[in-house]
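Source file: upload_6.cif; contents: mmCIF, C-alpha atoms.
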```
data_entry
loop_
_atom_site.group_PDB
_atom_site.id
_atom_site.type_symbol
_atom_site.label_atom_id
_atom_site.label_comp_id
_atom_site.auth_asym_id
_atom_site.auth_seq_id
_atom_site.Cartn_x
_atom_site.Cartn_y
_atom_site.Cartn_z
ATOM 1 C CA MET A 218 0.000 0.000 0.000
ATOM 2 C CA LYS A 219 0.984 3.597 -0.453
ATOM 3 C CA ALA A 220 0.510 6.711 1.571
ATOM 4 C CA ARG A 221 1.011 10.234 0.391
ATOM 5 C CA VAL A 222 1.740 12.903 2.987
ATOM 6 C CA HIS A 223 1.302 16.561 2.124
ATOM 7 C CA VAL A 224 3.241 18.950 4.355
ATOM 8 C CA MET A 225 2.428 22.664 4.225
ATOM 9 C CA LEU A 226 3.447 25.658 6.289
ATOM 10 C CA LYS A 227 0.559 26.547 8.560
ATOM 11 C CA ASN A 228 -1.669 29.449 7.662
ATOM 12 C CA GLY A 229 -0.231 32.569 9.219
ATOM 13 C CA VAL A 230 3.370 31.375 8.889
ATOM 14 C CA LEU A 231 4.993 33.481 6.168
ATOM 15 C CA ASP A 232 6.128 31.339 3.252
ATOM 16 C CA PRO A 233 8.967 33.246 1.566
ATOM 17 C CA GLN A 234 9.371 30.621 -1.159
ATOM 18 C CA GLY A 235 5.683 30.808 -2.037
ATOM 19 C CA GLU A 236 5.950 34.607 -2.113
ATOM 20 C CA ALA A 237 8.935 34.403 -4.493
ATOM 21 C CA VAL A 238 6.964 32.097 -6.792
ATOM 22 C CA ARG A 239 4.026 34.497 -6.684
ATOM 23 C CA HIS A 240 6.276 37.393 -7.730
ATOM 24 C CA ALA A 241 7.797 35.301 -10.522
ATOM 25 C CA LEU A 242 4.344 34.422 -11.852
ATOM 26 C CA GLY A 243 3.442 38.109 -11.816
ATOM 27 C CA ALA A 244 6.625 38.905 -13.718
ATOM 28 C CA LEU A 245 5.605 36.362 -16.369
ATOM 29 C CA GLY A 246 2.378 38.270 -16.872
ATOM 30 C CA PHE A 247 0.006 36.038 -14.924
ATOM 31 C CA ASP A 248 -2.258 38.562 -13.273
ATOM 32 C CA GLY A 249 -4.467 37.816 -10.322
ATOM 33 C CA VAL A 250 -2.253 35.301 -8.511
ATOM 34 C CA GLU A 251 -3.177 36.408 -5.036
ATOM 35 C CA GLY A 252 -1.230 33.883 -3.055
ATOM 36 C CA VAL A 253 1.139 30.949 -3.465
ATOM 37 C CA ARG A 254 2.002 28.438 -0.767
ATOM 38 C CA GLN A 255 4.712 25.901 -1.404
ATOM 39 C CA GLY A 256 4.796 22.617 0.445
ATOM 40 C CA LYS A 257 6.122 19.140 -0.056
ATOM 41 C CA VAL A 258 4.747 15.724 -0.880
ATOM 42 C CA ILE A 259 6.222 12.608 0.682
ATOM 43 C CA GLU A 260 5.271 9.226 -0.787
ATOM 44 C CA LEU A 261 5.591 6.179 1.429
ATOM 45 C CA ASN A 262 5.537 2.546 0.303
ATOM 46 C CA LEU A 263 4.141 0.689 3.282
ATOM 47 C CA ALA A 264 3.472 -2.875 4.289
ATOM 48 C CA ASP A 265 -0.177 -3.781 3.657
ATOM 49 C CA GLY A 266 -2.334 -3.126 6.661
ATOM 50 C CA THR A 267 -0.299 -0.203 8.010
ATOM 51 C CA SER A 268 -2.793 1.954 9.872
ATOM 52 C CA GLU A 269 -3.422 5.614 9.332
ATOM 53 C CA ALA A 270 -2.613 6.066 13.001
ATOM 54 C CA THR A 271 0.913 4.800 12.317
ATOM 55 C CA VAL A 272 1.353 7.264 9.452
ATOM 56 C CA THR A 273 0.051 10.024 11.716
ATOM 57 C CA GLU A 274 2.706 9.064 14.249
ATOM 58 C CA MET A 275 5.363 9.259 11.515
ATOM 59 C CA CYS A 276 4.168 12.765 10.672
ATOM 60 C CA GLU A 277 4.171 13.899 14.292
ATOM 61 C CA LYS A 278 7.597 12.440 15.054
ATOM 62 C CA LEU A 279 9.501 13.244 11.897
ATOM 63 C CA LEU A 280 7.808 14.130 8.623
ATOM 64 C CA ALA A 281 6.332 17.456 9.742
ATOM 65 C CA ASN A 282 7.439 20.044 12.265
ATOM 66 C CA THR A 283 4.079 20.830 13.784
ATOM 67 C CA VAL A 284 5.345 24.119 15.216
ATOM 68 C CA ILE A 285 5.172 25.597 11.718
ATOM 69 C CA GLU A 286 3.793 22.887 9.457
ATOM 70 C CA SER A 287 0.490 21.074 9.019
ATOM 71 C CA TYR A 288 0.038 17.787 7.192
ATOM 72 C CA THR A 289 -2.606 15.704 5.503
ATOM 73 C CA ILE A 290 -2.457 11.984 4.789
ATOM 74 C CA GLU A 291 -3.856 10.184 1.747
ATOM 75 C CA LEU A 292 -3.918 6.404 1.894
ATOM 76 C CA ALA A 293 -4.139 4.537 -1.414
ATOM 77 C CA MET B 256 33.894 21.608 33.415
ATOM 78 C CA LYS B 257 33.277 18.699 31.071
ATOM 79 C CA ALA B 258 31.767 19.288 27.671
ATOM 80 C CA ALA B 259 30.802 17.041 24.783
ATOM 81 C CA VAL B 260 30.514 18.227 21.190
ATOM 82 C CA ILE B 261 28.208 16.076 19.057
ATOM 83 C CA VAL B 262 29.411 15.352 15.531
ATOM 84 C CA PHE B 263 26.895 14.504 12.804
ATOM 85 C CA PRO B 264 27.650 13.701 9.189
ATOM 86 C CA GLY B 265 27.721 17.204 7.720
ATOM 87 C CA SER B 266 28.700 19.071 10.890
ATOM 88 C CA ASN B 267 31.380 21.626 10.029
ATOM 89 C CA CYS B 268 31.753 23.842 13.102
ATOM 90 C CA ASP B 269 32.421 20.988 15.510
ATOM 91 C CA ARG B 270 36.152 21.573 15.794
ATOM 92 C CA ASP B 271 35.761 25.350 16.017
ATOM 93 C CA LEU B 272 33.388 24.782 18.915
ATOM 94 C CA GLN B 273 35.822 22.336 20.526
ATOM 95 C CA VAL B 274 38.671 24.856 20.249
ATOM 96 C CA ALA B 275 36.553 27.680 21.679
ATOM 97 C CA LEU B 276 35.420 25.572 24.646
ATOM 98 C CA GLU B 277 38.919 24.233 25.345
ATOM 99 C CA ARG B 278 40.378 27.688 25.193
ATOM 100 C CA ALA B 279 37.860 28.742 27.849
ATOM 101 C CA GLY B 280 39.051 25.880 30.059
ATOM 102 C CA ALA B 281 36.585 23.086 29.345
ATOM 103 C CA ASP B 282 37.593 19.444 29.009
ATOM 104 C CA VAL B 283 36.000 18.561 25.652
ATOM 105 C CA LYS B 284 35.129 15.171 24.192
ATOM 106 C CA MET B 285 33.811 14.698 20.678
ATOM 107 C CA VAL B 286 30.814 12.366 20.435
ATOM 108 C CA TRP B 287 29.647 10.638 17.244
ATOM 109 C CA HIS B 288 25.935 10.773 16.434
ATOM 110 C CA LYS B 289 25.608 6.978 16.480
ATOM 111 C CA ASP B 290 26.886 6.762 20.037
ATOM 112 C CA THR B 291 24.093 6.131 22.456
ATOM 113 C CA GLU B 292 25.676 7.490 25.620
ATOM 114 C CA LEU B 293 27.317 10.760 26.516
ATOM 115 C CA PRO B 294 30.695 10.640 28.272
ATOM 116 C CA LYS B 295 30.263 10.172 32.022
ATOM 117 C CA GLY B 296 29.959 13.336 34.070
ATOM 118 C CA VAL B 297 29.358 15.685 31.155
ATOM 119 C CA ASP B 298 28.087 19.126 32.218
ATOM 120 C CA LEU B 299 27.515 20.715 28.823
ATOM 121 C CA VAL B 300 26.470 19.153 25.532
ATOM 122 C CA ALA B 301 27.244 21.375 22.559
ATOM 123 C CA VAL B 302 25.556 20.878 19.196
ATOM 124 C CA PRO B 303 27.611 22.478 16.432
ATOM 125 C CA GLY B 304 26.813 24.265 13.205
ATOM 126 C CA GLY B 305 26.909 22.713 9.783
ATOM 127 C CA PHE B 306 24.541 20.804 7.580
ATOM 128 C CA SER B 307 23.752 17.633 9.491
ATOM 129 C CA PHE B 308 22.421 14.945 7.145
ATOM 130 C CA GLY B 309 22.536 17.399 4.253
ATOM 131 C CA ASP B 310 19.625 19.397 5.711
ATOM 132 C CA TYR B 311 17.368 16.690 4.228
ATOM 133 C CA LEU B 312 13.668 16.845 5.138
ATOM 134 C CA ARG B 313 14.166 19.907 7.377
ATOM 135 C CA CYS B 314 17.324 21.404 8.862
ATOM 136 C CA GLY B 315 18.132 19.436 12.008
ATOM 137 C CA ALA B 316 15.185 17.040 11.728
ATOM 138 C CA ILE B 317 17.161 13.859 11.045
ATOM 139 C CA ALA B 318 19.870 14.773 13.556
ATOM 140 C CA ALA B 319 17.246 15.381 16.238
ATOM 141 C CA ASN B 320 16.181 11.755 15.894
ATOM 142 C CA SER B 321 19.689 10.268 15.987
ATOM 143 C CA PRO B 322 20.668 7.910 18.837
ATOM 144 C CA ILE B 323 22.842 10.446 20.685
ATOM 145 C CA CYS B 324 20.009 12.965 20.773
ATOM 146 C CA ARG B 325 17.992 10.663 23.004
ATOM 147 C CA SER B 326 20.816 10.953 25.512
ATOM 148 C CA LEU B 327 20.931 14.710 24.909
ATOM 149 C CA VAL B 328 17.231 15.039 25.769
ATOM 150 C CA ALA B 329 17.717 12.906 28.893
ATOM 151 C CA HIS B 330 20.733 15.047 29.873
ATOM 152 C CA VAL B 331 18.653 18.230 29.615
ATOM 153 C CA GLU B 332 15.747 16.641 31.487
ATOM 154 C CA ARG B 333 18.185 15.896 34.319
ATOM 155 C CA GLY B 334 19.031 19.607 34.414
ATOM 156 C CA GLY B 335 22.134 19.454 32.225
ATOM 157 C CA TYR B 336 23.368 22.306 30.038
ATOM 158 C CA ALA B 337 23.072 22.279 26.262
ATOM 159 C CA LEU B 338 24.239 24.792 23.683
ATOM 160 C CA GLY B 339 23.147 24.734 20.053
ATOM 161 C CA ILE B 340 24.727 27.037 17.502
ATOM 162 C CA CYS B 341 23.288 27.502 14.009
ATOM 163 C CA ASN B 342 22.428 23.964 12.847
ATOM 164 C CA GLY B 343 22.688 23.054 16.538
ATOM 165 C CA PHE B 344 19.904 25.559 17.299
ATOM 166 C CA GLN B 345 17.803 23.956 14.557
ATOM 167 C CA VAL B 346 18.453 20.549 16.122
ATOM 168 C CA LEU B 347 17.432 21.780 19.586
ATOM 169 C CA THR B 348 14.141 23.203 18.280
ATOM 170 C CA GLU B 349 13.475 19.950 16.398
ATOM 171 C CA THR B 350 13.968 17.957 19.609
ATOM 172 C CA GLY B 351 11.512 20.268 21.355
ATOM 173 C CA LEU B 352 14.121 21.306 23.942
ATOM 174 C CA LEU B 353 13.734 24.903 22.744
ATOM 175 C CA PRO B 354 10.537 26.563 21.491
ATOM 176 C CA GLY B 355 9.888 27.698 17.937
ATOM 177 C CA ALA B 356 11.344 26.752 14.580
ATOM 178 C CA LEU B 357 13.793 28.142 12.022
ATOM 179 C CA ARG B 358 12.296 28.928 8.616
ATOM 180 C CA ARG B 359 13.924 29.760 5.290
ATOM 181 C CA ASN B 360 15.444 33.286 5.404
ATOM 182 C CA ALA B 361 12.875 35.891 4.353
ATOM 183 C CA ASN B 362 15.011 36.969 1.375
ATOM 184 C CA LEU B 363 15.569 33.301 0.422
ATOM 185 C CA LYS B 364 19.335 33.865 0.388
ATOM 186 C CA TYR B 365 22.108 32.124 2.236
ATOM 187 C CA ILE B 366 23.569 34.908 4.376
ATOM 188 C CA CYS B 367 27.176 34.770 5.545
ATOM 189 C CA LYS B 368 28.447 37.945 7.191
ATOM 190 C CA PRO B 369 29.264 39.528 10.543
ATOM 191 C CA VAL B 370 26.197 41.025 12.239
ATOM 192 C CA SER B 371 25.616 43.187 15.304
ATOM 193 C CA LEU B 372 23.822 41.486 18.141
ATOM 194 C CA ARG B 373 22.346 43.007 21.261
ATOM 195 C CA VAL B 374 22.854 41.064 24.459
ATOM 196 C CA GLU B 375 19.442 41.009 26.108
ATOM 197 C CA ALA B 376 18.637 41.195 29.811
ATOM 198 C CA CYS B 377 18.396 37.432 30.107
ATOM 199 C CA ASP B 378 19.521 35.791 33.310
ATOM 200 C CA THR B 379 21.592 32.853 32.118
ATOM 201 C CA ASP B 380 25.117 31.566 32.688
ATOM 202 C CA TYR B 381 25.728 31.795 28.948
ATOM 203 C CA LEU B 382 25.666 35.593 29.160
ATOM 204 C CA ALA B 383 27.778 35.930 32.317
ATOM 205 C CA GLY B 384 30.635 37.365 30.253
ATOM 206 C CA TYR B 385 28.492 40.160 28.794
ATOM 207 C CA LYS B 386 26.500 43.115 30.057
ATOM 208 C CA ALA B 387 22.812 43.445 29.217
ATOM 209 C CA GLY B 388 22.389 45.901 26.357
ATOM 210 C CA GLN B 389 25.936 45.386 25.099
ATOM 211 C CA GLU B 390 26.356 45.137 21.334
ATOM 212 C CA VAL B 391 28.696 42.527 19.928
ATOM 213 C CA THR B 392 29.710 41.521 16.410
ATOM 214 C CA VAL B 393 29.456 37.840 15.547
ATOM 215 C CA PRO B 394 29.078 36.163 12.141
ATOM 216 C CA ILE B 395 25.996 34.421 10.838
ATOM 217 C CA ALA B 396 26.105 31.780 8.090
ATOM 218 C CA HIS B 397 22.732 30.258 7.353
ATOM 219 C CA HIS B 398 19.919 29.777 4.867
ATOM 220 C CA ASP B 399 17.295 28.837 7.427
ATOM 221 C CA GLY B 400 17.684 31.167 10.380
ATOM 222 C CA ASN B 401 14.355 32.936 10.273
ATOM 223 C CA TYR B 402 13.112 32.274 13.815
ATOM 224 C CA TYR B 403 9.414 31.682 14.287
ATOM 225 C CA VAL B 404 7.224 31.470 17.343
ATOM 226 C CA ASP B 405 3.544 32.312 17.471
ATOM 227 C CA ASP B 406 2.363 35.471 19.227
ATOM 228 C CA ALA B 407 1.421 33.719 22.455
ATOM 229 C CA LYS B 408 4.826 32.023 22.743
ATOM 230 C CA LEU B 409 6.620 35.265 21.880
ATOM 231 C CA THR B 410 4.788 37.068 24.672
ATOM 232 C CA GLN B 411 5.743 34.261 27.032
ATOM 233 C CA LEU B 412 9.428 34.335 26.004
ATOM 234 C CA GLN B 413 9.545 38.103 26.411
ATOM 235 C CA GLY B 414 7.731 37.965 29.752
ATOM 236 C CA GLU B 415 10.093 35.324 31.083
ATOM 237 C CA GLY B 416 13.188 37.132 29.797
ATOM 238 C CA ARG B 417 14.248 34.200 27.657
ATOM 239 C CA ILE B 418 15.524 36.082 24.628
ATOM 240 C CA ALA B 419 19.318 35.987 24.887
ATOM 241 C CA PHE B 420 20.417 37.789 21.719
ATOM 242 C CA SER B 421 18.631 40.052 19.242
ATOM 243 C CA TYR B 422 19.759 41.271 15.837
ATOM 244 C CA VAL B 423 20.395 45.021 15.720
ATOM 245 C CA ASN B 424 19.474 44.913 11.998
ATOM 246 C CA ASN B 425 17.306 41.878 11.354
ATOM 247 C CA PRO B 426 19.002 39.994 8.488
ATOM 248 C CA ASN B 427 16.642 37.060 8.025
ATOM 249 C CA GLY B 428 13.087 37.988 9.030
ATOM 250 C CA SER B 429 13.167 36.462 12.510
ATOM 251 C CA VAL B 430 10.182 37.231 14.714
ATOM 252 C CA ALA B 431 11.009 40.152 17.056
ATOM 253 C CA ASP B 432 14.633 40.196 15.738
ATOM 254 C CA ILE B 433 15.379 37.109 17.829
ATOM 255 C CA ALA B 434 18.848 35.595 17.323
ATOM 256 C CA GLY B 435 18.978 33.322 20.380
ATOM 257 C CA VAL B 436 16.695 31.978 23.109
ATOM 258 C CA VAL B 437 17.092 29.995 26.309
ATOM 259 C CA SER B 438 15.009 27.242 27.884
ATOM 260 C CA LYS B 439 12.774 27.852 30.861
ATOM 261 C CA ASN B 440 15.500 26.673 33.262
ATOM 262 C CA ARG B 441 18.027 28.857 31.355
ATOM 263 C CA ARG B 442 20.455 25.994 30.873
ATOM 264 C CA VAL B 443 19.757 25.433 27.188
ATOM 265 C CA LEU B 444 20.756 28.136 24.715
ATOM 266 C CA GLY B 445 20.113 28.083 20.991
ATOM 267 C CA MET B 446 21.425 30.788 18.686
ATOM 268 C CA MET B 447 21.962 31.204 14.952
ATOM 269 C CA PRO B 448 25.128 33.402 15.110
ATOM 270 C CA HIS B 449 28.521 31.760 15.570
ATOM 271 C CA PRO B 450 30.435 33.020 18.646
ATOM 272 C CA GLU B 451 33.005 30.230 18.109
ATOM 273 C CA ARG B 452 33.942 31.878 14.831
ATOM 274 C CA MET B 453 34.694 35.196 16.539
ATOM 275 C CA ALA B 454 36.811 33.976 19.425
ATOM 276 C CA GLU B 455 40.409 34.741 18.414
ATOM 277 C CA ALA B 456 42.179 37.759 16.969
ATOM 278 C CA SER B 457 42.807 35.815 13.762
ATOM 279 C CA HIS B 458 39.023 35.490 13.318
ATOM 280 C CA GLY B 459 38.833 39.257 12.926
ATOM 281 C CA GLY B 460 37.373 39.818 16.382
ATOM 282 C CA THR B 461 36.936 38.252 19.785
ATOM 283 C CA ASP B 462 33.392 39.254 20.758
ATOM 284 C CA GLY B 463 32.312 35.616 20.891
ATOM 285 C CA ARG B 464 34.958 34.559 23.387
ATOM 286 C CA ALA B 465 33.169 36.056 26.408
ATOM 287 C CA MET B 466 30.317 33.623 25.963
ATOM 288 C CA PHE B 467 32.567 30.591 26.420
ATOM 289 C CA ASP B 468 34.691 32.227 29.125
ATOM 290 C CA GLY B 469 31.606 33.402 31.035
ATOM 291 C CA LEU B 470 29.862 30.049 30.810
ATOM 292 C CA VAL B 471 32.882 27.988 31.827
ATOM 293 C CA SER B 472 33.696 30.240 34.770
ATOM 294 C CA GLN B 473 30.068 30.232 35.979
ATOM 295 C CA MET B 474 29.925 26.462 35.755
ATOM 296 C CA ALA B 475 33.204 26.142 37.618
ATOM 297 C CA LEU B 476 31.579 28.047 40.510
ATOM 298 C CA ALA B 477 28.538 25.782 40.567
#
```
Let's see the structure in the file written out as structure tokens.
Amino acid sequence: MKARVHVMLKNGVLDPQGEAVRHALGALGFDGVEGVRQGKVIELNLADGTSEATVTEMCEKLLANTVIESYTIELA
Amino acid sequence: MKAAVIVFPGSNCDRDLQVALERAGADVKMVWHKDTELPKGVDLVAVPGGFSFGDYLRCGAIAANSPICRSLVAHVERGGYALGICNGFQVLTETGLLPGALRRNANLKYICKPVSLRVEACDTDYLAGYKAGQEVTVPIAHHDGNYYVDDAKLTQLQGEGRIAFSYVNNPNGSVADIAGVVSKNRRVLGMMPHPERMAEASHGGTDGRAMFDGLVSQMALA
């Protein structure tokens, strides 16, 4: 089985990389880009039957820094 | 005073930190990240600057979960001293021993230059060699030194006098110009600037030396 973890900076935490991308899009002529947030996607190949609770524990212990980042888990 | 400097793959300020501590009079042992125990009787554990584990995932995140860091956390929980400089500060926030997190610099650039720091009125042995309000020049060298805490935590840190150093001219976007903070018991200090790189005349200045001298002499009294 696979799990996909999305890690994003929390709302309210300034994302300078997202801001730089937003400026670059504006410079390319794309008007109306009001905000860009950049995160990361982590794909995990897991033994069948691994519980979502285990993946949550992985996120809390390592994959995300919950001081500044939030995460969502997709199991497939 | 006995100190241990932790070495991770990618640490690059470990020997500078060793030299600075030895010069101040500490007996320093280097400890490899795969070791599980700190040397017996260690008073201070120092986590050096560098790029532990290539900064993969997040700066300091992999190092914070290495075997030796379990002993580091236990050492601090017993009331031991710990100092984290630059990547070491990132490691200490990742372990949860210090509040907050270090984000990418606001200008997205790696910044390597001497900066002016203000020594804050923070009651800790690490600042025994300085006077509150004093300005010192110490280099920074980081890409992810933009300190973040939420408003509630910032108010708490300010109220408890836990901000050790502030930038005179904020180089990286840090909340409230914060360059270094201490733990609630004041025995853990994390800071992005590098006092060990401004500790001898040949470094171009010696403003960092007082931190090591002050700390070692305070701990010798204890």
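Those residues that approach range 248-258 of chain A to within 8 Å, counting all atoms listed in the file, are Arg221, Val222, His223, Val224, Met225, Leu226, Asp232, Gln234, Gly235, Glu236, Val238, Arg239, Leu242 and Gly243 of chain A; same-chain residues fewer than 5 positions away are not listed.
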Name the residues that the PyMOL selection byres ((chain B) within 8 of (chain A)) pulls out of this structure, and write them as a PyMOL selection string.
chain B and resi 312+316-317+320+349+355-356+359-363+403-404
Could you turn the residues from that selection into a file that holds C-alpha atoms, as a PDB file, in the frame of the given file?
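Resulting contents of part08.pdb:
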```pdb
ATOM      1  CA  LEU B 312      13.668  16.845   5.138  1.00  0.00           C
ATOM      2  CA  ALA B 316      15.185  17.040  11.728  1.00  0.00           C
ATOM      3  CA  ILE B 317      17.161  13.859  11.045  1.00  0.00           C
ATOM      4  CA  ASN B 320      16.181  11.755  15.894  1.00  0.00           C
ATOM      5  CA  GLU B 349      13.475  19.950  16.398  1.00  0.00           C
ATOM      6  CA  GLY B 355       9.888  27.698  17.937  1.00  0.00           C
ATOM      7  CA  ALA B 356      11.344  26.752  14.580  1.00  0.00           C
ATOM      8  CA  ARG B 359      13.924  29.760   5.290  1.00  0.00           C
ATOM      9  CA  ASN B 360      15.444  33.286   5.404  1.00  0.00           C
ATOM     10  CA  ALA B 361      12.875  35.891   4.353  1.00  0.00           C
ATOM     11  CA  ASN B 362      15.011  36.969   1.375  1.00  0.00           C
ATOM     12  CA  LEU B 363      15.569  33.301   0.422  1.00  0.00           C
ATOM     13  CA  TYR B 403       9.414  31.682  14.287  1.00  0.00           C
ATOM     14  CA  VAL B 404       7.224  31.470  17.343  1.00  0.00           C
TER      15      VAL B 404
END
```
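The spacing separating CA of Ala477 in chain B from CA of Pro303 in chain B amounts to 24.4 Å.
In this model, the gap between CA of Tyr381 in chain B and CA of Met466 in chain B comes to 5.8 Å.
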Can you list, as a PyMOL selection string, every protein, DNA or RNA residue that comes within 9 Å of Gly335 in chain B when you count all atoms listed in the file, leaving out same-chain residues fewer than 4 positions away?
chain B and resi 297-300+327+329-331+442-443
Determine the residue membership of the PyMOL selection byres ((chain B and resi 385) around 9) for the file above and supply it as a PDB file with C-alpha atoms, in the frame of the given file.
```pdb
ATOM      1  CA  VAL B 374      22.854  41.064  24.459  1.00  0.00           C
ATOM      2  CA  TYR B 381      25.728  31.795  28.948  1.00  0.00           C
ATOM      3  CA  LEU B 382      25.666  35.593  29.160  1.00  0.00           C
ATOM      4  CA  ALA B 383      27.778  35.930  32.317  1.00  0.00           C
ATOM      5  CA  GLY B 384      30.635  37.365  30.253  1.00  0.00           C
ATOM      6  CA  LYS B 386      26.500  43.115  30.057  1.00  0.00           C
ATOM      7  CA  ALA B 387      22.812  43.445  29.217  1.00  0.00           C
ATOM      8  CA  GLY B 388      22.389  45.901  26.357  1.00  0.00           C
ATOM      9  CA  GLN B 389      25.936  45.386  25.099  1.00  0.00           C
ATOM     10  CA  ALA B 465      33.169  36.056  26.408  1.00  0.00           C
ATOM     11  CA  MET B 466      30.317  33.623  25.963  1.00  0.00           C
ATOM     12  CA  GLY B 469      31.606  33.402  31.035  1.00  0.00           C
TER      13      GLY B 469
END
```
Residues within 12 Å of Lys408 in chain B, all atoms listed in the file, excluding chain neighbours under 2 positions, as a ChimeraX atom specification:
/A:284 /B:353-356,403-406,410-415,417-418,430-431,436
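The neighbours of range 449-451 of chain B here are the residues that come within 9 Å of it, using only C-alpha atoms and leaving out any residue fewer than 4 positions away in the same chain; they are B:Cys268, B:Asp271, B:Leu272, B:Gln273, B:Val274, B:Ala275, B:Leu276, B:Gly304, B:Ile340, B:Cys341, B:Thr392, B:Val393, B:Pro394, B:Ile395, B:Ala396, B:Glu455, B:Thr461, B:Asp462, B:Gly463, B:Arg464, B:Ala465, B:Met466, B:Phe467.
Using all atoms listed in the file, the smallest distance between any of B:Pro294, B:Asn427, B:Gly435, B:Asp399 and Glu375 in chain B comes from B:Gly435.
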Might I get the box with edges along x, y and z of the file that holds all atoms of range 254-273 of chain A listed there, padded by 6 Å on every side, given as centre and edge lengths in Å to one decimal, as lines of an AutoDock Vina configuration file?
```
center_x = 1.4
center_y = 12.3
center_z = 5.8
size_x = 21.6
size_y = 44.2
size_z = 26.4
```
Can you give me N, CA and C atoms for range 231-243 of chain A, written as a short mmCIF file (atom, residue, chain, number, x, y, z; two decimals), in the frame of the given file?
```cif
data_model
loop_
_atom_site.label_atom_id
_atom_site.label_comp_id
_atom_site.auth_asym_id
_atom_site.auth_seq_id
_atom_site.Cartn_x
_atom_site.Cartn_y
_atom_site.Cartn_z
N LEU A 231 4.56 32.92 7.44
CA LEU A 231 4.99 33.48 6.17
C LEU A 231 5.79 32.43 5.39
N ASP A 232 5.45 32.30 4.11
CA ASP A 232 6.13 31.34 3.25
C ASP A 232 6.93 32.12 2.21
N PRO A 233 8.20 32.41 2.50
CA PRO A 233 8.97 33.25 1.57
C PRO A 233 9.16 32.60 0.20
N GLN A 234 9.23 31.27 0.15
CA GLN A 234 9.37 30.62 -1.16
C GLN A 234 8.10 30.79 -1.98
N GLY A 235 6.95 30.60 -1.34
CA GLY A 235 5.68 30.81 -2.04
C GLY A 235 5.56 32.24 -2.54
N GLU A 236 6.00 33.20 -1.71
CA GLU A 236 5.95 34.61 -2.11
C GLU A 236 6.83 34.85 -3.34
N ALA A 237 8.03 34.23 -3.35
CA ALA A 237 8.94 34.40 -4.49
C ALA A 237 8.31 33.83 -5.76
N VAL A 238 7.63 32.70 -5.63
CA VAL A 238 6.96 32.10 -6.79
C VAL A 238 5.84 33.01 -7.27
N ARG A 239 5.12 33.59 -6.32
CA ARG A 239 4.03 34.50 -6.68
C ARG A 239 4.57 35.69 -7.48
N HIS A 240 5.68 36.26 -7.01
CA HIS A 240 6.28 37.39 -7.73
C HIS A 240 6.73 36.97 -9.13
N ALA A 241 7.30 35.77 -9.22
CA ALA A 241 7.80 35.30 -10.52
C ALA A 241 6.64 35.10 -11.49
N LEU A 242 5.51 34.59 -10.98
CA LEU A 242 4.34 34.42 -11.85
C LEU A 242 3.84 35.77 -12.34
N GLY A 243 3.85 36.76 -11.43
CA GLY A 243 3.44 38.11 -11.82
C GLY A 243 4.36 38.66 -12.90
#
```
